[in-house]
Each structure stands twice: as structure tokens, then as C-alpha cells.
Amino acid sequence: MHRFLVVIEKADNNYSTYSPDLPGCVATGSTQEEAKKNIYEAIKMHVQGMLEDNLPIPESESFAEYVAIAEKSSTSS
């Protein structure tokens, strides 16, 4: 089994998705759920094509993390 990080971004009128570990493998959808379904299918097809071409499947090296930054108080002294 292969696991790949997927990034989902809100666009103007839809959602865009991609996997940093599979350059060129992208998908869109009108909802987050549709975008997730579409990227799953795109990754499946992408990996199948790599296998058919005898190319190595890359190991996932990407990860995601949120960073929280506290807002400074805007009160005057």
C-alpha cells in the first residue's frame, strides 16, 4: 500500500487538490468531498501508469502541520 499527502485548497468557485509527492497529479471538485474523490482516482491512475511504465513509486516524504501565531494586542499604552 502507498500513502500520499494530499493538499486541498479552496479556489474561487471550487476546490483544487494535489499531492506534493506526485508532481503533475492534480484534481478539482465543486465540493471538498468531490475533490477528495477525484484526487483519489487521479492518484490511483497516476500510480497505475507508473507501474505500467516500470517506474518506481516514490515514497511519501511530505507532511503537513499548522502553525499558530498569537495576535498582538493593539491597545495603546
# chains A, B, ... in the order shown; residues from 1 in each chain; ligands from 1
call {"tool": "select_by_dssp", "arguments": {"residues": "chain A", "states": "alpha helix (DSSP H)", "output": "NGL selection string"}}
result
:A and (32-52)
call {"tool": "residues_around", "arguments": {"residues": "Tyr40 in chain A", "least_positions_apart": "4", "cutoff": "10 Å", "atoms": "only C-alpha atoms", "output": "PyMOL selection string"}}
result
chain A and resi 4+6+17-18+26-27+34-36+44-46
call {"tool": "write_last_selection", "arguments": {"atoms": "N, CA and C atoms", "output": "compact mmCIF listing (two decimals), in the first residue's frame"}}
result
# COMPACT_ATOMS: atom_id res chain seq x y z
N PHE A 4 -0.07 8.87 0.30
CA PHE A 4 0.43 10.15 -0.19
C PHE A 4 -0.33 11.29 0.48
N VAL A 6 -2.16 14.68 0.57
CA VAL A 6 -2.97 15.42 -0.39
C VAL A 6 -3.27 16.79 0.20
N THR A 17 -6.90 20.12 -5.65
CA THR A 17 -6.13 19.19 -4.84
C THR A 17 -4.89 18.73 -5.60
N TYR A 18 -3.84 18.43 -4.84
CA TYR A 18 -2.63 17.87 -5.44
C TYR A 18 -1.86 17.11 -4.37
N VAL A 26 -3.01 16.13 -10.17
CA VAL A 26 -3.91 17.14 -9.61
C VAL A 26 -5.36 16.77 -9.91
N ALA A 27 -6.26 17.39 -9.19
CA ALA A 27 -7.69 17.20 -9.43
C ALA A 27 -8.45 18.39 -8.87
N GLU A 34 -16.01 16.05 -3.32
CA GLU A 34 -15.80 15.71 -4.73
C GLU A 34 -14.32 15.81 -5.08
N ALA A 35 -13.64 16.83 -4.56
CA ALA A 35 -12.20 16.99 -4.81
C ALA A 35 -11.43 15.81 -4.23
N LYS A 36 -11.79 15.37 -3.02
CA LYS A 36 -11.12 14.21 -2.41
C LYS A 36 -11.32 12.96 -3.25
N LYS A 44 -4.67 7.03 -8.05
CA LYS A 44 -4.76 5.62 -8.44
C LYS A 44 -4.31 5.45 -9.90
N MET A 45 -4.80 6.30 -10.79
CA MET A 45 -4.45 6.23 -12.20
C MET A 45 -2.96 6.58 -12.41
N HIS A 46 -2.49 7.57 -11.69
CA HIS A 46 -1.09 8.00 -11.79
C HIS A 46 -0.15 6.86 -11.40
call {"tool": "residues_around", "arguments": {"residues": "Pro20 in chain A", "least_positions_apart": "2", "cutoff": "7 Å", "atoms": "only C-alpha atoms", "output": "PyMOL selection string"}}
result
chain A and resi 5+18+22-23+62
call {"tool": "write_last_selection", "arguments": {"atoms": "C-alpha atoms", "output": "PDB file, in the first residue's frame"}}
result
ATOM      1  CA  LEU A   5      -0.214  13.513   1.397  1.00  0.00           C
ATOM      2  CA  TYR A  18      -2.627  17.868  -5.436  1.00  0.00           C
ATOM      3  CA  LEU A  22       3.426  13.084  -7.233  1.00  0.00           C
ATOM      4  CA  PRO A  23       4.223  16.124  -9.394  1.00  0.00           C
ATOM      5  CA  SER A  62       5.739  15.241   2.586  1.00  0.00           C
TER       6      SER A  62
END
call {"tool": "atom_distance", "arguments": {"atom1": "CA of Lys37 in chain A", "atom2": "CA of Lys10 in chain A"}}
result
15.4 Å
call {"tool": "atom_distance", "arguments": {"atom1": "CA of Ser60 in chain A", "atom2": "CA of Val7 in chain A"}}
result
13.1 Å
call {"tool": "atom_distance", "arguments": {"atom1": "CA of Glu65 in chain A", "atom2": "CA of Asp21 in chain A"}}
result
16.0 Å
call {"tool": "select_by_dssp", "arguments": {"residues": "chain A", "states": "strand (DSSP E)", "output": "MDAnalysis selection string"}}
result
chainID A and resid 7:10 15:18 26:29
call {"tool": "write_last_selection", "arguments": {"atoms": "C-alpha atoms", "output": "mmCIF file, in the first residue's frame"}}
result
data_model
loop_
_atom_site.group_PDB
_atom_site.id
_atom_site.type_symbol
_atom_site.label_atom_id
_atom_site.label_comp_id
_atom_site.auth_asym_id
_atom_site.auth_seq_id
_atom_site.Cartn_x
_atom_site.Cartn_y
_atom_site.Cartn_z
ATOM 1 C CA VAL A 7 -3.353 19.196 -0.183
ATOM 2 C CA ILE A 8 -6.842 20.637 -0.686
ATOM 3 C CA GLU A 9 -7.151 24.344 -1.424
ATOM 4 C CA LYS A 10 -10.237 26.495 -1.783
ATOM 5 C CA TYR A 15 -11.581 23.090 -4.657
ATOM 6 C CA SER A 16 -8.188 22.147 -6.061
ATOM 7 C CA THR A 17 -6.127 19.194 -4.839
ATOM 8 C CA TYR A 18 -2.627 17.868 -5.436
ATOM 9 C CA VAL A 26 -3.907 17.142 -9.614
ATOM 10 C CA ALA A 27 -7.695 17.196 -9.434
ATOM 11 C CA THR A 28 -10.552 19.587 -8.771
ATOM 12 C CA GLY A 29 -14.097 19.361 -7.491
#
call {"tool": "closest_residue", "arguments": {"among": "A:Ala11, A:Ile57, A:Cys25, A:Ala64", "to": "Glu41 in chain A", "atoms": "only C-alpha atoms"}}
result
A:Cys25
call {"tool": "closest_residue", "arguments": {"among": "A:Ile43, A:Asn38, A:Ile69, A:Asp53", "to": "Arg3 in chain A", "atoms": "only C-alpha atoms"}}
result
A:Ile43
